[in-house]
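Novice: Next comes upload-v5.tsv, TSV, C-alpha atoms:
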chain	number	residue	atom	x	y	z
S	174	MET	CA	91.60	98.74	-137.89
S	175	ILE	CA	89.31	95.77	-137.42
S	176	THR	CA	87.63	94.41	-134.30
S	177	VAL	CA	87.62	90.72	-133.47
S	178	THR	CA	86.19	88.73	-130.58
S	179	VAL	CA	88.80	86.56	-128.89
S	180	ARG	CA	87.80	83.48	-126.85
S	181	TYR	CA	90.14	81.97	-124.27
S	182	PHE	CA	90.08	78.45	-122.89
S	183	ALA	CA	91.82	76.39	-120.23
S	184	ALA	CA	95.39	77.50	-119.50
S	185	LEU	CA	95.09	80.54	-121.79
S	186	ARG	CA	91.87	81.65	-120.09
S	187	GLU	CA	93.61	81.50	-116.74
S	188	ARG	CA	96.71	83.27	-118.04
S	189	ARG	CA	94.67	86.06	-119.62
S	190	GLY	CA	92.19	86.24	-116.74
S	191	LEU	CA	89.36	86.51	-119.27
S	192	GLU	CA	86.97	84.21	-121.11
S	193	THR	CA	86.46	86.60	-123.99
S	194	GLU	CA	87.31	90.11	-125.12
S	195	LEU	CA	86.99	92.43	-128.08
S	196	MET	CA	90.32	93.37	-129.63
S	197	GLN	CA	91.26	95.94	-132.21
S	198	THR	CA	93.99	94.98	-134.61
S	199	SER	CA	95.24	95.91	-138.05
S	200	GLU	CA	93.80	94.47	-141.26
S	201	THR	CA	97.15	92.90	-142.04
S	202	THR	CA	97.35	90.88	-138.84
S	203	THR	CA	97.22	87.09	-139.12
S	204	ILE	CA	95.66	84.87	-136.49
S	205	GLY	CA	99.10	83.57	-135.53
S	206	ARG	CA	100.51	87.05	-135.14
S	207	LEU	CA	97.58	88.07	-132.95
S	208	TYR	CA	98.30	85.11	-130.69
S	209	ALA	CA	101.96	86.12	-130.38
S	210	GLN	CA	100.90	89.68	-129.54
S	211	ILE	CA	98.54	88.60	-126.79
S	212	PHE	CA	100.79	85.84	-125.46
S	213	PRO	CA	104.43	86.79	-126.13
S	214	PRO	CA	106.62	83.66	-125.92
S	215	GLY	CA	108.23	83.33	-122.50
S	216	PRO	CA	111.52	81.66	-121.59
S	217	ASP	CA	109.93	78.23	-122.18
S	218	GLY	CA	108.58	79.30	-125.58
S	219	ALA	CA	104.93	79.68	-126.53
S	220	LEU	CA	102.21	77.19	-125.63
S	221	PRO	CA	101.53	75.29	-128.88
S	222	VAL	CA	98.01	76.11	-130.00
S	223	ALA	CA	95.68	75.45	-132.89
S	224	TYR	CA	93.87	78.41	-134.39
S	225	ALA	CA	90.14	78.73	-134.96
S	226	GLN	CA	88.42	81.45	-136.95
S	227	ASN	CA	84.62	81.56	-136.72
S	228	HIS	CA	84.64	78.01	-135.27
S	229	VAL	CA	86.79	76.53	-138.05
S	230	ARG	CA	90.43	75.46	-137.61
S	231	VAL	CA	92.76	77.55	-139.78
S	232	PRO	CA	96.54	77.89	-140.28
S	233	GLY	CA	98.42	80.57	-138.35
S	234	ALA	CA	99.00	82.58	-141.54
S	235	THR	CA	95.25	83.19	-141.99
S	236	PRO	CA	94.32	86.89	-142.20
S	237	LEU	CA	91.57	88.22	-139.95
S	238	ALA	CA	88.44	90.14	-140.90
S	239	ASP	CA	86.28	92.57	-138.98
S	240	GLY	CA	83.78	90.76	-136.76
S	241	ASP	CA	85.68	87.46	-136.68
S	242	GLU	CA	85.51	85.20	-133.65
S	243	VAL	CA	89.02	84.03	-132.94
S	244	ALA	CA	90.09	81.26	-130.57
S	245	PHE	CA	93.44	79.76	-129.63
S	246	LEU	CA	93.07	76.09	-128.77
S	247	PRO	CA	95.59	74.71	-126.28
S	248	PRO	CA	96.47	70.98	-126.48
S	249	LEU	CA	93.22	69.05	-126.08
S	250	GLY	CA	92.30	66.96	-123.03
S	251	GLY	CA	88.86	65.52	-123.67
S	252	GLY	CA	87.93	61.91	-123.11
F	11	MET	CA	72.62	62.50	-129.47
F	12	PHE	CA	75.80	64.57	-129.29
F	13	GLY	CA	76.21	66.92	-126.38
F	14	LEU	CA	78.01	68.51	-123.48
F	15	GLN	CA	76.56	68.29	-120.02
F	16	GLU	CA	77.17	69.56	-116.52
F	17	GLY	CA	76.54	66.97	-113.84
F	18	PRO	CA	76.35	63.18	-114.07
F	19	ILE	CA	75.66	61.60	-117.48
F	20	ASP	CA	72.77	59.14	-117.57
F	21	VAL	CA	74.25	56.09	-119.31
F	22	ALA	CA	70.85	54.56	-120.10
F	23	THR	CA	69.79	57.70	-121.97
F	24	VAL	CA	72.88	57.63	-124.19
F	25	ARG	CA	72.42	53.91	-124.85
F	26	ARG	CA	68.76	54.43	-125.77
F	27	ALA	CA	69.80	57.00	-128.39
F	28	VAL	CA	71.43	54.25	-130.49
F	29	SER	CA	68.99	51.42	-129.83
F	30	ASN	CA	67.58	49.90	-133.00
F	31	PRO	CA	65.88	46.58	-133.79
F	32	ARG	CA	68.40	45.97	-136.62
F	33	PHE	CA	71.35	46.00	-134.23
F	34	GLY	CA	73.00	42.87	-132.92
F	35	ALA	CA	75.54	44.80	-130.83
F	36	ILE	CA	75.58	47.89	-128.66
F	37	LEU	CA	78.70	48.99	-126.81
F	38	VAL	CA	78.57	51.67	-124.16
F	39	PHE	CA	81.97	53.08	-123.24
F	40	GLU	CA	82.49	55.22	-120.16
F	41	GLY	CA	85.64	57.25	-119.67
F	42	VAL	CA	85.92	57.57	-115.91
F	43	THR	CA	87.85	59.83	-113.56
F	44	ARG	CA	90.74	57.91	-111.98
F	45	ASP	CA	92.11	58.82	-108.55
F	46	ASN	CA	95.76	59.04	-109.63
F	47	PHE	CA	98.08	60.22	-112.38
F	48	ASP	CA	101.83	59.54	-112.41
F	49	GLY	CA	101.67	58.59	-108.75
F	50	ARG	CA	99.90	61.76	-107.79
F	51	GLU	CA	96.54	61.61	-106.07
F	52	VAL	CA	93.78	63.20	-108.16
F	53	ALA	CA	90.86	64.60	-106.17
F	54	GLN	CA	88.69	65.45	-109.18
F	55	LEU	CA	88.83	66.64	-112.78
F	56	ALA	CA	87.45	69.83	-114.27
F	57	TYR	CA	86.49	69.82	-117.96
F	58	GLU	CA	85.99	72.86	-120.14
F	59	ALA	CA	84.77	72.98	-123.75
F	60	TYR	CA	84.39	75.36	-126.66
F	61	PRO	CA	80.75	74.39	-127.28
F	62	GLU	CA	80.36	76.10	-130.66
F	63	MET	CA	83.18	73.89	-132.00
F	64	ALA	CA	82.90	70.85	-129.74
F	65	ILE	CA	79.32	69.89	-130.58
F	66	PRO	CA	79.83	70.01	-134.38
F	67	ALA	CA	83.07	68.03	-133.86
F	68	LEU	CA	81.15	65.35	-131.94
F	69	GLU	CA	78.54	65.25	-134.70
F	70	ALA	CA	81.32	64.89	-137.28
F	71	ILE	CA	82.55	61.77	-135.45
F	72	GLY	CA	79.04	60.34	-135.73
F	73	GLN	CA	79.03	61.05	-139.48
F	74	GLN	CA	82.43	59.44	-139.96
F	75	ILE	CA	81.26	56.33	-138.12
F	76	ALA	CA	78.14	56.11	-140.27
F	77	GLU	CA	80.33	56.33	-143.39
F	78	ARG	CA	83.05	53.88	-142.29
F	79	TRP	CA	80.70	51.30	-140.75
F	80	PRO	CA	77.47	51.43	-142.75
F	81	GLY	CA	74.41	51.04	-140.60
F	82	ALA	CA	76.25	52.03	-137.40
F	83	LYS	CA	74.84	54.61	-135.03
F	84	CYS	CA	76.73	56.59	-132.42
F	85	ALA	CA	75.87	58.88	-129.51
F	86	ILE	CA	78.37	60.83	-127.42
F	87	VAL	CA	77.86	62.95	-124.31
F	88	HIS	CA	80.86	64.63	-122.66
F	89	ARG	CA	80.75	66.13	-119.23
F	90	VAL	CA	81.86	69.70	-118.51
F	91	GLY	CA	82.63	71.23	-115.14
F	92	ILE	CA	83.72	69.15	-112.15
F	93	CYS	CA	83.86	65.38	-112.63
F	94	PRO	CA	84.56	63.51	-109.36
F	95	VAL	CA	86.53	60.27	-109.12
F	96	GLU	CA	84.58	57.18	-110.31
F	97	GLU	CA	82.15	59.27	-112.38
F	98	ALA	CA	82.05	59.28	-116.18
F	99	SER	CA	83.58	62.19	-118.06
F	100	VAL	CA	82.38	60.79	-121.37
F	101	VAL	CA	79.81	58.21	-122.46
F	102	ILE	CA	79.98	56.81	-125.99
F	103	ALA	CA	77.29	54.44	-127.23
F	104	VAL	CA	77.67	52.67	-130.57
F	105	GLY	CA	75.18	50.32	-132.16
F	106	THR	CA	75.87	48.13	-135.21
F	107	PRO	CA	74.27	45.18	-136.97
F	108	HIS	CA	77.27	42.97	-136.05
F	109	ARG	CA	79.81	42.86	-133.22
F	110	PRO	CA	83.21	43.45	-134.95
F	111	ALA	CA	82.24	46.86	-136.29
F	112	CYS	CA	80.87	47.84	-132.89
F	113	TYR	CA	84.23	47.35	-131.13
F	114	GLN	CA	86.08	49.17	-133.91
F	115	ALA	CA	83.69	52.11	-134.10
F	116	SER	CA	83.61	52.57	-130.32
F	117	ARG	CA	87.41	52.81	-130.18
F	118	PHE	CA	87.46	55.11	-133.20
F	119	ALA	CA	84.96	57.46	-131.55
F	120	LEU	CA	87.04	57.83	-128.41
F	121	GLU	CA	90.36	58.32	-130.21
F	122	GLU	CA	88.84	60.89	-132.56
F	123	LEU	CA	87.26	62.71	-129.64
F	124	LYS	CA	90.61	62.93	-127.84
F	125	ALA	CA	92.37	64.20	-130.96
F	126	GLN	CA	89.78	66.54	-132.47
F	127	VAL	CA	87.15	67.85	-130.04
F	128	PRO	CA	87.96	71.15	-128.29
F	129	ILE	CA	87.65	70.00	-124.68
F	130	TRP	CA	90.25	70.55	-121.96
F	131	LYS	CA	90.93	68.75	-118.70
F	132	LYS	CA	92.34	70.06	-115.47
F	133	GLU	CA	93.57	67.63	-112.84
F	134	ILE	CA	92.87	68.89	-109.35
F	135	TYR	CA	95.08	67.50	-106.59
F	136	ALA	CA	94.96	67.98	-102.85
F	137	ASP	CA	97.73	70.56	-103.25
F	138	GLY	CA	97.34	72.14	-106.67
F	139	SER	CA	96.16	71.58	-110.23
F	140	ALA	CA	97.40	71.21	-113.79
F	141	TRP	CA	95.94	71.26	-117.32
F	142	LYS	CA	96.57	67.88	-118.93
F	143	ALA	CA	96.85	67.26	-122.67
F	144	ASN	CA	95.96	63.98	-124.31
F	145	THR	CA	98.73	61.81	-125.66
F	146	SER	CA	98.43	59.33	-128.49
F	147	THR	CA	98.41	56.37	-126.09
Please render this file's structure as structure tokens.

Specialist:
Amino acid sequence: MITVTVRYFAALRERRGLETELMQTSETTTIGRLYAQIFPPGPDGALPVAYAQNHVRVPGATPLADGDEVAFLPPLGGG
Amino acid sequence: MFGLQEGPIDVATVRRAVSNPRFGAILVFEGVTRDNFDGREVAQLAYEAYPEMAIPALEAIGQQIAERWPGAKCAIVHRVGICPVEEASVVIAVGTPHRPACYQASRFALEELKAQVPIWKKEIYADGSAWKANTST
């Protein structure tokens, strides 16, 4: 097992009720799979997100490593 | 100057960050909270950022501007937390030797910010709220 820090923002922060948490997951988990575990798609499907690993955007198929900081970025609204 | 800030943004400070005797043009753009969206009355906006990604992303916009418009300088400050109606959520200052590049670079900075910088906006109405994503328009 590995431990990653997960950061939540905006709608996902509200849905999870947390800004951050430590999560244990298997070495074979990808960042996209972790998202689907934490936020199982509802009747309307999953909120489309971008993935960030250690502050860098990565594809959903990216494997995770112990100590990673993981974030799921909902559609952006700056400006 | 590239940053996130709670509370009102001082426009003069952002402008000063790009001031240079070589420049013939400085544009200061303010994105401002509007009191309505799709016919619904907006009381205020709340912005949230992922600072560890947002600040490098703002700096990257400044680098792209310096590469695309040689000699140009850019400063961007985005507000986080509550932003009341009529107050600026973002201030972008661009300075260039000549005017055409200044207009182009200012627009580029805002569009890149909307597309790339991890910042989120919640519209707060009299009777509820909703997270709003940017569109391409």

Novice: How far is it from CA of Val24 (chain F) to CA of Ala103 (chain F), in Å with one decimal?

Specialist: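 Distance between the two atoms: 6.2 Å.
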
Novice: Using all atoms listed in the file, collect all residues at a distance of at most 7 Å from (88.4, 69.4, -112.8) as written in the file, then present them as a compact mmCIF listing (two decimals) with C-alpha atoms, in the coordinates of the input.

Specialist:
# COMPACT_ATOMS: atom_id res chain seq x y z
CA GLN F 54 88.69 65.45 -109.18
CA LEU F 55 88.83 66.64 -112.78
CA ALA F 56 87.45 69.83 -114.27
CA TYR F 57 86.49 69.82 -117.96
CA GLY F 91 82.63 71.23 -115.14
CA ILE F 92 83.72 69.15 -112.15
CA CYS F 93 83.86 65.38 -112.63
CA LYS F 131 90.93 68.75 -118.70
CA LYS F 132 92.34 70.06 -115.47
CA GLU F 133 93.57 67.63 -112.84
CA ILE F 134 92.87 68.89 -109.35

Novice: To one decimal in Å, tell me the separation between CA of Gly34 (chain F) and CA of Tyr113 (chain F).

Specialist: 12.2 Å

Novice: Please report the interatomic distance between CA of Gln226 (chain S) and CA of Tyr60 (chain F) in Å with one decimal.

Specialist: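 Distance reported for this atom pair: 12.6 Å.
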
Novice: Can you pull out every residue within 9 Å of Pro221 (chain S), counting all atoms listed in the file, but drop anything in the same chain fewer than 3 positions away, and send it as a short mmCIF file (atom, residue, chain, number, x, y, z; two decimals) with C-alpha atoms, keeping the file's coordinate frame?

Specialist:
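This is the output file selection02.cif:
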data_model
loop_
_atom_site.label_atom_id
_atom_site.label_comp_id
_atom_site.auth_asym_id
_atom_site.auth_seq_id
_atom_site.Cartn_x
_atom_site.Cartn_y
_atom_site.Cartn_z
CA GLY S 218 108.58 79.30 -125.58
CA LEU S 246 93.07 76.09 -128.77
CA PRO S 247 95.59 74.71 -126.28
CA PRO S 248 96.47 70.98 -126.48
#

Novice: I'd like the contact shell of Asn144 (chain F) - 12 Å cut-off, all atoms listed in the file, skipping same-chain residues fewer than 2 positions apart - returned as a list in words.

Specialist: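 So the residues in contact are Pro247, Pro248, Leu249, Gly250, Gly251 and Gly252 of chain S; Leu120, Glu121, Glu122, Leu123, Lys124, Ala125, Gln126, Val127, Pro128, Ile129, Trp130, Lys131, Lys132, Trp141, Lys142, Ser146 and Thr147 of chain F.
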
Novice: Counting only C-alpha atoms, which residue out of S:Gly240, S:Ala219, S:Ala183, S:Ala209 sits closest to Met196 (chain S)?

Specialist: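 Smallest distance to Met196 (chain S) is found for S:Gly240.
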
Novice: Which residue, F:Arg117, F:Arg26, F:His108, F:Lys83, has the smallest gap to chain S when you use all atoms listed in the file?

Specialist: F:Arg117
